[in-house]
>>> print(open('my_file-v5.cif').read())   # mmCIF, C-alpha atoms
data_run
loop_
_atom_site.label_atom_id
_atom_site.label_comp_id
_atom_site.auth_asym_id
_atom_site.auth_seq_id
_atom_site.Cartn_x
_atom_site.Cartn_y
_atom_site.Cartn_z
CA MET A 17 -0.72 2.72 2.74
CA ALA A 18 1.97 4.79 4.40
CA SER A 19 2.23 4.49 8.13
CA SER A 20 4.92 6.99 9.00
CA ASP A 21 4.16 10.19 10.85
CA PHE A 22 6.20 10.70 13.98
CA SER A 23 7.98 13.55 15.67
CA PRO A 24 11.01 14.96 13.81
CA ALA A 25 12.88 15.67 17.04
CA PRO A 26 16.12 13.72 17.68
CA TYR A 27 15.59 10.60 19.78
CA PRO A 28 17.98 9.92 22.66
CA PHE A 29 18.95 6.29 22.94
CA SER A 30 17.52 5.65 26.38
CA VAL A 31 15.52 2.47 26.30
CA PRO A 32 13.50 1.32 29.31
CA GLY A 33 13.27 -2.23 27.98
CA GLN A 34 15.53 -4.52 25.99
CA ASP A 35 15.67 -3.96 22.22
CA GLY A 36 13.48 -0.89 22.38
CA VAL A 37 10.52 -2.52 24.12
CA GLY A 38 8.83 0.03 26.29
CA ALA A 39 10.48 2.92 24.49
CA GLY A 40 7.32 4.51 23.23
CA HIS A 41 5.81 6.21 26.28
CA SER A 42 7.12 9.00 28.45
CA PRO A 43 5.73 9.10 32.00
CA ALA A 44 4.80 12.75 31.46
CA ARG A 45 2.96 12.01 28.24
CA VAL A 46 -0.80 12.24 28.50
CA ARG A 47 -2.48 10.27 25.76
CA SER A 48 -5.40 11.99 24.14
CA ARG A 49 -8.74 10.23 23.95
CA GLU A 50 -9.06 8.07 20.85
CA ARG A 51 -11.65 9.23 18.34
CA TYR A 52 -13.09 5.81 17.58
CA TRP A 53 -16.07 7.38 15.86
CA LEU A 54 -13.73 8.93 13.28
CA TYR A 55 -11.95 5.63 12.60
CA ALA A 56 -15.29 3.89 12.19
CA LEU A 57 -16.78 6.63 9.99
CA LEU A 58 -13.81 6.70 7.62
CA PHE A 59 -13.76 2.91 7.43
CA LEU A 60 -17.50 2.72 6.65
CA LEU A 61 -17.22 5.45 4.02
CA THR A 62 -14.31 3.61 2.43
CA LEU A 63 -16.27 0.35 2.56
CA LEU A 64 -19.10 2.13 0.72
CA THR A 65 -16.91 3.70 -1.97
CA THR A 66 -14.91 0.52 -2.59
CA THR A 67 -18.13 -1.51 -2.79
CA LEU A 68 -19.56 0.96 -5.32
CA VAL A 69 -16.44 0.65 -7.44
CA GLY A 70 -16.49 -3.12 -7.04
CA ALA A 71 -20.13 -3.31 -8.17
CA ALA A 72 -19.29 -1.35 -11.33
CA MET A 73 -16.26 -3.57 -11.96
CA GLN A 74 -18.30 -6.73 -11.49
CA ALA A 75 -21.01 -5.52 -13.89
CA ASP A 76 -18.38 -4.81 -16.55
CA PHE A 77 -16.71 -8.16 -15.90
CA ASP A 78 -19.99 -10.09 -16.25
CA SER A 79 -20.77 -8.28 -19.52
CA ASN A 80 -17.24 -8.63 -20.94
CA LEU A 81 -16.98 -4.85 -21.09
CA PRO A 82 -13.60 -3.20 -20.42
CA PHE A 83 -13.18 -1.25 -17.20
CA ASP A 84 -13.83 2.43 -17.82
CA LEU A 85 -13.83 5.29 -15.29
CA GLU A 86 -16.60 7.27 -17.01
CA GLN A 87 -18.80 4.20 -17.26
CA MET A 88 -18.08 3.48 -13.60
CA PHE A 89 -19.39 6.90 -12.56
CA ARG A 90 -22.49 6.37 -14.67
CA ALA A 91 -23.14 3.18 -12.74
CA TYR A 92 -23.45 5.04 -9.42
CA PRO A 93 -27.05 6.23 -10.00
CA HIS A 94 -28.11 2.68 -10.90
CA VAL A 95 -26.71 1.39 -7.63
CA TRP A 96 -28.48 4.21 -5.78
CA ARG A 97 -31.81 3.13 -7.29
CA GLN A 98 -31.09 -0.58 -6.75
CA PRO A 99 -29.01 -0.94 -3.55
CA GLY A 100 -29.02 -4.72 -3.95
CA ARG A 101 -26.37 -4.30 -6.64
CA LEU A 102 -23.92 -3.38 -3.91
CA LEU A 103 -23.65 -7.04 -2.95
CA ALA A 104 -21.83 -7.70 -6.21
CA GLY A 105 -19.15 -5.21 -5.16
CA LEU A 106 -18.30 -6.89 -1.87
CA PRO A 107 -15.69 -9.32 -3.27
CA PHE A 108 -13.65 -6.35 -4.49
CA SER A 109 -14.15 -4.15 -1.44
CA LEU A 110 -13.63 -6.83 1.21
CA THR A 111 -10.52 -8.12 -0.53
CA LEU A 112 -8.98 -4.67 -0.85
CA LEU A 113 -9.86 -3.59 2.68
CA SER A 114 -8.50 -6.86 4.07
CA ILE A 115 -5.15 -6.20 2.38
CA LEU A 116 -5.04 -2.62 3.64
CA LEU A 117 -6.11 -3.66 7.14
CA ALA A 118 -3.41 -6.33 7.24
CA HIS A 119 -0.81 -3.76 6.18
CA GLU A 120 -1.81 -1.13 8.74
CA PHE A 121 -2.36 -3.59 11.58
CA GLY A 122 1.08 -5.02 10.86
CA HIS A 123 2.44 -1.59 11.74
CA TYR A 124 0.01 -1.15 14.63
CA LEU A 125 0.80 -4.47 16.31
CA ALA A 126 4.53 -3.84 15.96
CA CYS A 127 3.98 -0.50 17.67
CA MET A 128 2.03 -2.20 20.43
CA TYR A 129 4.86 -4.69 20.94
CA TYR A 130 7.35 -1.87 21.44
CA ARG A 131 4.83 0.20 23.43
CA ILE A 132 4.91 2.97 20.85
CA ASP A 133 1.87 5.22 20.91
CA ALA A 134 0.10 4.80 17.57
CA SER A 135 -3.37 5.44 16.24
CA LEU A 136 -5.69 2.91 14.69
CA PRO A 137 -5.83 3.02 10.86
CA TYR A 138 -7.34 6.05 9.16
CA PHE A 139 -8.96 5.00 5.87
CA LEU A 140 -9.28 7.46 2.98
CA PRO A 141 -12.37 7.01 0.76
CA SER A 142 -12.18 7.95 -2.90
CA PRO A 143 -14.42 7.73 -5.98
CA PHE A 144 -11.41 6.30 -7.89
CA PHE A 145 -10.80 2.64 -7.00
CA GLY A 146 -12.76 3.35 -3.83
CA THR A 147 -9.85 4.46 -1.63
CA PHE A 148 -6.69 6.50 -1.45
CA GLY A 149 -5.33 3.97 1.02
CA ALA A 150 -4.92 4.06 4.79
CA PHE A 151 -2.37 5.14 7.35
CA ILE A 152 -1.64 5.15 11.06
CA ARG A 153 -0.10 7.99 13.05
CA ILE A 154 2.85 7.22 15.27
CA ARG A 155 2.60 9.71 18.09
CA SER A 156 5.64 8.94 20.21
CA PRO A 157 9.37 8.60 19.58
CA ILE A 158 11.07 5.44 18.37
CA PHE A 159 14.35 4.93 20.21
CA SER A 160 16.08 2.02 18.47
CA LYS A 161 16.84 1.00 14.92
CA ARG A 162 15.46 -2.47 15.61
CA ALA A 163 12.10 -1.06 16.67
CA LEU A 164 12.07 1.23 13.61
CA PHE A 165 12.89 -1.67 11.31
CA ASP A 166 10.24 -3.94 12.80
CA VAL A 167 7.54 -1.27 12.64
CA GLY A 168 8.49 -0.33 9.07
CA ILE A 169 8.66 -3.84 7.63
CA ALA A 170 5.67 -5.34 9.47
CA GLY A 171 3.10 -3.54 7.30
CA PRO A 172 4.34 -4.49 3.81
CA LEU A 173 5.00 -8.10 4.78
CA ALA A 174 1.60 -8.51 6.45
CA GLY A 175 -0.14 -6.96 3.44
CA PHE A 176 1.81 -9.19 1.06
CA VAL A 177 0.72 -12.30 2.96
CA PHE A 178 -2.89 -11.30 2.22
CA LEU A 179 -2.51 -10.00 -1.33
CA LEU A 180 -0.65 -13.06 -2.65
CA PRO A 181 -3.56 -15.53 -2.19
CA ALA A 182 -6.02 -12.81 -3.22
CA LEU A 183 -4.17 -12.39 -6.52
CA ALA A 184 -4.07 -16.15 -7.08
CA VAL A 185 -7.82 -16.48 -6.40
CA GLY A 186 -8.58 -13.43 -8.53
CA LEU A 187 -6.62 -14.85 -11.46
CA ALA A 188 -8.33 -18.23 -11.03
CA PHE A 189 -11.70 -16.47 -11.47
CA SER A 190 -10.43 -14.35 -14.36
CA LYS A 191 -11.19 -15.21 -17.98
CA ALA A 192 -9.84 -14.84 -21.48
CA VAL A 193 -11.62 -12.24 -23.62
CA PRO A 194 -9.90 -11.57 -26.97
CA GLY A 195 -8.40 -8.07 -27.08
CA ILE A 196 -10.04 -6.90 -23.85
CA SER A 197 -6.99 -4.92 -22.73
CA HIS A 198 -6.89 -2.94 -25.99
CA GLN A 199 -10.56 -2.02 -25.65
CA SER A 200 -10.15 -0.24 -22.31
CA SER A 201 -9.48 3.48 -21.89
CA LEU A 202 -6.95 2.50 -19.20
CA GLN A 203 -4.04 0.10 -19.37
CA PHE A 204 -2.97 -1.43 -16.06
CA GLY A 205 0.64 -2.44 -15.60
CA VAL A 206 1.52 -6.05 -14.88
CA PRO A 207 3.95 -6.47 -11.97
CA ALA A 208 6.35 -9.39 -11.96
CA LEU A 209 4.27 -11.21 -9.35
CA GLU A 210 1.13 -11.09 -11.48
CA TRP A 211 3.10 -11.99 -14.63
CA MET A 212 4.40 -15.18 -13.01
CA LEU A 213 0.96 -16.23 -11.76
CA ARG A 214 -0.58 -15.47 -15.16
CA LYS A 215 1.91 -17.81 -16.80
CA ALA A 216 0.96 -20.56 -14.38
CA ILE A 217 -2.83 -20.11 -14.56
CA PHE A 218 -3.20 -19.04 -18.23
CA PRO A 219 -0.38 -20.85 -20.07
CA GLY A 220 -0.17 -19.85 -23.70
CA VAL A 221 -2.84 -17.13 -23.45
CA ASP A 222 -2.03 -13.68 -24.81
CA PRO A 223 -1.72 -11.31 -21.80
CA ALA A 224 -3.88 -8.76 -23.64
CA ASP A 225 -6.74 -11.29 -23.62
CA ILE A 226 -6.82 -11.85 -19.84
CA TYR A 227 -9.68 -10.04 -18.10
CA LEU A 228 -8.76 -9.71 -14.44
CA HIS A 229 -11.57 -10.50 -11.99
CA PRO A 230 -12.44 -7.73 -9.47
CA VAL A 231 -10.81 -9.77 -6.68
CA GLY A 232 -7.63 -9.83 -8.74
CA ARG A 233 -7.97 -6.10 -9.39
CA ALA A 234 -8.23 -5.51 -5.62
CA ALA A 235 -5.00 -7.49 -5.21
CA TRP A 236 -3.46 -5.32 -7.97
CA VAL A 237 -4.29 -2.18 -5.98
CA GLY A 238 -2.69 -3.80 -2.93
CA ILE A 239 0.41 -4.64 -4.99
CA PHE A 240 0.65 -1.05 -6.21
CA ALA A 241 0.28 0.30 -2.68
CA THR A 242 2.95 -2.11 -1.41
CA ALA A 243 5.41 -0.98 -4.08
CA LEU A 244 4.82 2.70 -3.29
CA ASN A 245 5.29 2.13 0.43
CA LEU A 246 8.51 0.16 -0.05
CA LEU A 247 10.20 2.93 -2.01
CA PRO A 248 13.36 3.60 0.07
CA VAL A 249 12.62 7.30 0.45
CA GLY A 250 11.91 9.58 3.39
CA GLN A 251 9.44 8.26 5.93
CA LEU A 252 7.81 5.68 3.69
CA ASP A 253 8.09 2.11 4.96
CA GLY A 254 11.04 1.53 2.67
CA GLY A 255 12.62 4.73 4.00
CA HIS A 256 12.36 3.40 7.56
CA ILE A 257 14.00 0.15 6.50
CA LEU A 258 16.76 2.04 4.69
CA TYR A 259 17.41 4.24 7.73
CA SER A 260 17.58 1.18 9.98
CA PHE A 261 20.49 -0.19 7.93
CA TRP A 262 22.26 2.96 6.73
CA PRO A 263 21.13 6.06 8.68
CA ARG A 264 23.96 8.22 7.33
CA ARG A 265 23.10 7.42 3.71
CA HIS A 266 19.34 7.83 4.08
CA ARG A 267 19.18 11.48 3.01
CA GLN A 268 21.40 11.02 -0.06
CA VAL A 269 19.60 7.90 -1.23
CA SER A 270 16.19 9.50 -0.68
CA LYS A 271 17.22 12.57 -2.65
CA ALA A 272 18.68 10.53 -5.51
CA LEU A 273 15.60 8.30 -5.83
CA ALA A 274 13.25 11.29 -5.69
CA PHE A 275 15.20 12.83 -8.58
CA CYS A 276 14.97 9.52 -10.47
CA LEU A 277 11.19 9.48 -10.16
CA ILE A 278 10.80 12.86 -11.91
CA PRO A 279 11.93 11.75 -15.41
CA MET A 280 9.89 8.56 -14.94
CA GLY A 281 6.89 10.88 -15.25
CA TRP A 282 7.20 10.27 -19.01
CA LEU A 283 6.02 6.73 -18.33
CA TRP A 284 3.38 7.61 -15.74
CA PRO A 285 2.57 11.18 -14.63
CA GLY A 286 2.11 9.97 -11.06
CA TRP A 287 5.86 9.41 -10.75
CA LEU A 288 6.45 13.09 -11.48
CA LEU A 289 4.07 14.09 -8.70
CA TRP A 290 5.59 11.57 -6.27
CA GLY A 291 9.11 12.67 -7.15
CA ILE A 292 8.33 16.35 -6.47
CA ILE A 293 6.54 15.60 -3.20
CA LEU A 294 9.28 13.31 -1.94
CA LEU A 295 12.01 15.68 -3.07
CA PHE A 296 10.68 18.59 -1.00
CA LEU A 297 8.87 16.83 1.83
CA GLY A 298 10.13 13.27 2.06
CA ARG A 299 13.90 13.41 2.43
CA GLN A 300 14.06 14.01 6.17
CA HIS A 301 13.93 11.29 8.76
CA PRO A 302 13.86 11.63 12.56
CA VAL A 303 17.28 10.99 14.07
CA ILE A 304 17.72 7.81 16.09
CA CYS A 305 20.86 7.74 18.25
CA ASP A 306 21.51 4.02 18.22
CA ASP A 307 24.77 2.39 17.16
CA SER A 308 23.58 -1.21 17.52
CA THR A 309 23.34 -3.55 14.53
CA LEU A 310 20.15 -5.20 13.29
CA GLY A 311 21.49 -8.75 13.25
CA ASP A 312 21.34 -11.53 10.66
CA GLY A 313 17.62 -12.24 11.06
CA ARG A 314 16.56 -8.69 10.30
CA THR A 315 19.09 -8.50 7.49
CA ARG A 316 17.40 -11.49 5.84
CA LEU A 317 14.00 -9.88 6.37
CA GLY A 318 15.34 -6.77 4.67
CA GLY A 319 16.32 -8.93 1.69
CA ILE A 320 12.79 -10.36 1.62
CA ALA A 321 11.37 -6.83 1.63
CA LEU A 322 13.58 -6.00 -1.36
CA ILE A 323 12.28 -9.07 -3.22
CA VAL A 324 8.68 -8.09 -2.42
CA PHE A 325 9.37 -4.60 -3.76
CA LEU A 326 10.80 -5.96 -7.02
CA LEU A 327 7.85 -8.32 -7.43
CA CYS A 328 5.37 -5.47 -6.94
CA PHE A 329 7.02 -2.52 -8.68
CA MET A 330 5.73 -1.30 -12.06
CA PHE A 331 7.44 1.37 -14.18
CA MET A 332 4.09 2.27 -15.77
CA PRO A 333 1.27 1.32 -13.35
CA ILE A 334 -1.50 2.98 -15.37
CA GLY A 335 -1.42 4.12 -18.99
CA SER A 336 -3.78 5.18 -21.74
CA GLY A 337 -5.74 2.46 -23.48
CA GLY A 338 -6.19 1.68 -27.11
CA LEU A 339 -9.46 3.52 -27.61
#
>>> encode(input="my_file-v5.cif", output="structure tokens")
Amino acid sequence: MASSDFSPAPYPFSVPGQDGVGAGHSPARVRSRERYWLYALLFLLTLLTTTLVGAAMQADFDSNLPFDLEQMFRAYPHVWRQPGRLLAGLPFSLTLLSILLAHEFGHYLACMYYRIDASLPYFLPSPFFGTFGAFIRIRSPIFSKRALFDVGIAGPLAGFVFLLPALAVGLAFSKAVPGISHQSSLQFGVPALEWMLRKAIFPGVDPADIYLHPVGRAAWVGIFATALNLLPVGQLDGGHILYSFWPRRHRQVSKALAFCLIPMGWLWPGWLLWGIILLFLGRQHPVICDDSTLGDGRTRLGGIALIVFLLCFMFMPIGSGGL
């Protein structure tokens, strides 16, 4: 998910290469040895947890049973006794991890282009949906607004390129089950992107009757993560993009949006938590002393990022079901 984590010290605008290329390393900086074992361990654990969740989702989907968290946890012992059931969870896990990998490697490759010291992705396993996301650590300063913009926008756009076909394929494999949404203990929000594809693939079908295939659910998680990351607050990807355009307004906009998220907790409690966290921890952004402009090309990319955010954002991502 989020990729931002770099030094809060002010950055002098002294760029060894054109447009920020080569700005990431100081000759005196000694890079620590990469802990590849930790990257691999976290990735494998996340692959396991997402595959377990995917196997439970697939079993419910095949039986026309609504997705239920308690039932999902009860499925874990069955998978332990019959490991072959894990194979059914691979479509969900591989789809979701591909989206997250695309997002984080978008950031990572942009960092490599500008010679910014960055870690490989850290994945976070979780019993809920299999993962809490992933992030990279940026361990050296960013000296130009263009480099900051490119690093910030590369992740969401790369992830979107992967989640869009995944959502289309997932919806193509979905099915109509009368009243399935009202039977679940959880109600998942429908972002504008999914709503448009539903209209094209299931014309005339009641949205409450569409049972989303696990591949489509993996794309939904990717959509949700993309929307969160593109919030123009603090050091989220959207915050980096905002700072690249309007560095002097970044703090005020971040503060205002964090305050707006708090009352949205009436729709989804997660917004309250996000609002509080971002209000106290997410308003600051490292200073970049760079008066150059981004140019027309990056301005258009910023508009595309805004469109992606609007297509992915949901006021109520998860709500209580009808049971």
>>> resolve_selection(input="my_file-v5.cif", expression="the PyMOL selection byres ((chain A and resi 321-335) around 6)", output="list in words")
Leu202, Gln203, Phe204, Gly205, Pro207, Ala208, Leu209, Ile239, Ala243, Leu283, Trp284, Gly318, Gly319, Ile320 and Ser336 of chain A
>>> atom_distance(input="my_file-v5.cif", atom1="atom CA of A:Val177", atom2="atom CA of A:Ala118")
8.4 Å
>>> residues_around(input="my_file-v5.cif", residues="A:Ser197", least_positions_apart="4", cutoff="9 Å", atoms="only C-alpha atoms", output="ChimeraX atom specification")
/A:82,193,201-204,223-227,337-338
>>> atom_distance(input="my_file-v5.cif", atom1="atom CA of A:Tyr55", atom2="atom CA of A:Ser135")
9.3 Å
>>> closest_residue(input="my_file-v5.cif", among="A:Val237, A:Ala126, A:Val69, A:Ala174", to="A:Glu210", atoms="only C-alpha atoms")
A:Val237
>>> atom_distance(input="my_file-v5.cif", atom1="atom CA of A:Pro93", atom2="atom CA of A:Leu140")
22.0 Å
>>> closest_residue(input="my_file-v5.cif", among="A:Phe189, A:Trp290, A:Tyr124, A:Tyr138", to="A:Leu273", atoms="all atoms listed in the file")
A:Trp290
>>> resolve_selection(input="my_file-v5.cif", expression="the PyMOL selection byres ((chain A and resi 170) around 9)", output="count of residues only")
18
>>> axis_aligned_box(input="my_file-v5.cif", around="stretch 163-178 of chain A", padding_each_side="3 Å", output="lines of an AutoDock Vina configuration file")
center_x = 5.0
center_y = -5.5
center_z = 8.9
size_x = 21.8
size_y = 19.5
size_z = 21.6
>>> resolve_selection(input="my_file-v5.cif", expression="the PyMOL selection byres ((chain A and resi 62) around 7)", output="PDB file with C-alpha atoms, in the coordinates of the input")
ATOM      1  CA  LEU A  58     -13.810   6.700   7.620  1.00  0.00           C
ATOM      2  CA  PHE A  59     -13.760   2.910   7.430  1.00  0.00           C
ATOM      3  CA  LEU A  60     -17.500   2.720   6.650  1.00  0.00           C
ATOM      4  CA  LEU A  61     -17.220   5.450   4.020  1.00  0.00           C
ATOM      5  CA  LEU A  63     -16.270   0.350   2.560  1.00  0.00           C
ATOM      6  CA  LEU A  64     -19.100   2.130   0.720  1.00  0.00           C
ATOM      7  CA  THR A  65     -16.910   3.700  -1.970  1.00  0.00           C
ATOM      8  CA  THR A  66     -14.910   0.520  -2.590  1.00  0.00           C
ATOM      9  CA  PHE A 139      -8.960   5.000   5.870  1.00  0.00           C
ATOM     10  CA  LEU A 140      -9.280   7.460   2.980  1.00  0.00           C
ATOM     11  CA  PRO A 141     -12.370   7.010   0.760  1.00  0.00           C
ATOM     12  CA  GLY A 146     -12.760   3.350  -3.830  1.00  0.00           C
ATOM     13  CA  THR A 147      -9.850   4.460  -1.630  1.00  0.00           C
TER      14      THR A 147
END
>>> residues_around(input="my_file-v5.cif", residues="stretch 108-110 of chain A", least_positions_apart="3", cutoff="6 Å", atoms="all atoms listed in the file", output="VMD selection string")
chain A and resid 66 to 67 70 105 113 to 114 230 to 231 234
>>> closest_residue(input="my_file-v5.cif", among="A:Cys127, A:Gly291, A:Asp76, A:Leu81", to="A:Ala104", atoms="only C-alpha atoms")
A:Asp76
>>> closest_residue(input="my_file-v5.cif", among="A:Ala188, A:Ile304, A:Leu179, A:Ile257", to="A:Asn245", atoms="all atoms listed in the file")
A:Ile257
>>> residues_around(input="my_file-v5.cif", residues="A:His301", least_positions_apart="3", cutoff="9 Å", atoms="only C-alpha atoms", output="number ranges by chain")
A: 24, 250-251, 255-256, 259, 263, 266-267, 298, 304
>>> residues_around(input="my_file-v5.cif", residues="A:Leu310", least_positions_apart="6", cutoff="8 Å", atoms="only C-alpha atoms", output="list in words")
Lys161, Arg162, Ser260 and Phe261 of chain A
>>> closest_residue(input="my_file-v5.cif", among="A:Phe275, A:Trp211, A:Phe240, A:Trp53", to="A:Leu116", atoms="only C-alpha atoms")
A:Phe240
>>> closest_residue(input="my_file-v5.cif", among="A:Phe89, A:Pro219, A:Leu54, A:Ser308", to="A:Phe144", atoms="only C-alpha atoms")
A:Phe89
>>> decode(input="my_file-v5.cif", residues="stretch 302-327 of chain A", atoms="N, CA and C atoms", output="mmCIF file, in the first residue's frame")
data_model
loop_
_atom_site.group_PDB
_atom_site.id
_atom_site.type_symbol
_atom_site.label_atom_id
_atom_site.label_comp_id
_atom_site.auth_asym_id
_atom_site.auth_seq_id
_atom_site.Cartn_x
_atom_site.Cartn_y
_atom_site.Cartn_z
ATOM 1 N N PRO A 302 8.366 16.112 4.245
ATOM 2 C CA PRO A 302 9.727 16.637 4.126
ATOM 3 C C PRO A 302 9.793 17.785 3.127
ATOM 4 N N VAL A 303 10.562 18.807 3.468
ATOM 5 C CA VAL A 303 10.682 19.994 2.630
ATOM 6 C C VAL A 303 11.588 19.699 1.433
ATOM 7 N N ILE A 304 11.140 20.109 0.265
ATOM 8 C CA ILE A 304 11.953 20.011 -0.945
ATOM 9 C C ILE A 304 12.145 21.415 -1.497
ATOM 10 N N CYS A 305 13.381 21.887 -1.505
ATOM 11 C CA CYS A 305 13.687 23.242 -1.980
ATOM 12 C C CYS A 305 13.888 23.219 -3.486
ATOM 13 N N ASP A 306 12.790 23.326 -4.203
ATOM 14 C CA ASP A 306 12.820 23.218 -5.660
ATOM 15 C C ASP A 306 11.708 24.098 -6.210
ATOM 16 N N ASP A 307 12.066 25.107 -6.949
ATOM 17 C CA ASP A 307 11.088 26.046 -7.505
ATOM 18 C C ASP A 307 10.688 25.715 -8.939
ATOM 19 N N SER A 308 11.170 24.616 -9.478
ATOM 20 C CA SER A 308 10.844 24.271 -10.862
ATOM 21 C C SER A 308 9.390 23.806 -10.965
ATOM 22 N N THR A 309 8.843 23.849 -12.179
ATOM 23 C CA THR A 309 7.484 23.382 -12.422
ATOM 24 C C THR A 309 7.507 21.941 -12.932
ATOM 25 N N LEU A 310 6.374 21.274 -12.832
ATOM 26 C CA LEU A 310 6.295 19.869 -13.234
ATOM 27 C C LEU A 310 6.134 19.696 -14.737
ATOM 28 N N GLY A 311 5.577 20.664 -15.413
ATOM 29 C CA GLY A 311 5.382 20.544 -16.851
ATOM 30 C C GLY A 311 4.015 19.981 -17.205
ATOM 31 N N ASP A 312 3.650 20.111 -18.477
ATOM 32 C CA ASP A 312 2.319 19.711 -18.933
ATOM 33 C C ASP A 312 2.109 18.201 -18.834
ATOM 34 N N GLY A 313 3.131 17.415 -19.148
ATOM 35 C CA GLY A 313 2.982 15.962 -19.121
ATOM 36 C C GLY A 313 2.645 15.459 -17.739
ATOM 37 N N ARG A 314 3.360 15.938 -16.739
ATOM 38 C CA ARG A 314 3.079 15.492 -15.367
ATOM 39 C C ARG A 314 1.764 16.076 -14.865
ATOM 40 N N THR A 315 1.403 17.249 -15.336
ATOM 41 C CA THR A 315 0.101 17.804 -14.963
ATOM 42 C C THR A 315 -1.029 16.914 -15.467
ATOM 43 N N ARG A 316 -0.895 16.405 -16.691
ATOM 44 C CA ARG A 316 -1.920 15.487 -17.218
ATOM 45 C C ARG A 316 -1.933 14.179 -16.426
ATOM 46 N N LEU A 317 -0.750 13.693 -16.061
ATOM 47 C CA LEU A 317 -0.697 12.477 -15.244
ATOM 48 C C LEU A 317 -1.361 12.706 -13.887
ATOM 49 N N GLY A 318 -1.186 13.900 -13.336
ATOM 50 C CA GLY A 318 -1.865 14.213 -12.091
ATOM 51 C C GLY A 318 -3.378 14.172 -12.247
ATOM 52 N N GLY A 319 -3.876 14.654 -13.395
ATOM 53 C CA GLY A 319 -5.312 14.563 -13.667
ATOM 54 C C GLY A 319 -5.771 13.122 -13.775
ATOM 55 N N ILE A 320 -4.939 12.264 -14.383
ATOM 56 C CA ILE A 320 -5.277 10.838 -14.474
ATOM 57 C C ILE A 320 -5.322 10.214 -13.082
ATOM 58 N N ALA A 321 -4.376 10.594 -12.221
ATOM 59 C CA ALA A 321 -4.383 10.080 -10.853
ATOM 60 C C ALA A 321 -5.658 10.485 -10.123
ATOM 61 N N LEU A 322 -6.125 11.709 -10.354
ATOM 62 C CA LEU A 322 -7.374 12.162 -9.737
ATOM 63 C C LEU A 322 -8.551 11.324 -10.228
ATOM 64 N N ILE A 323 -8.592 11.030 -11.533
ATOM 65 C CA ILE A 323 -9.665 10.204 -12.087
ATOM 66 C C ILE A 323 -9.627 8.802 -11.481
ATOM 67 N N VAL A 324 -8.423 8.226 -11.357
ATOM 68 C CA VAL A 324 -8.277 6.902 -10.750
ATOM 69 C C VAL A 324 -8.802 6.921 -9.315
ATOM 70 N N PHE A 325 -8.469 7.982 -8.574
ATOM 71 C CA PHE A 325 -8.948 8.097 -7.199
ATOM 72 C C PHE A 325 -10.472 8.126 -7.142
ATOM 73 N N LEU A 326 -11.095 8.924 -8.009
ATOM 74 C CA LEU A 326 -12.556 9.016 -8.016
ATOM 75 C C LEU A 326 -13.207 7.701 -8.423
ATOM 76 N N LEU A 327 -12.574 6.962 -9.327
ATOM 77 C CA LEU A 327 -13.109 5.662 -9.738
ATOM 78 C C LEU A 327 -13.003 4.622 -8.634
#
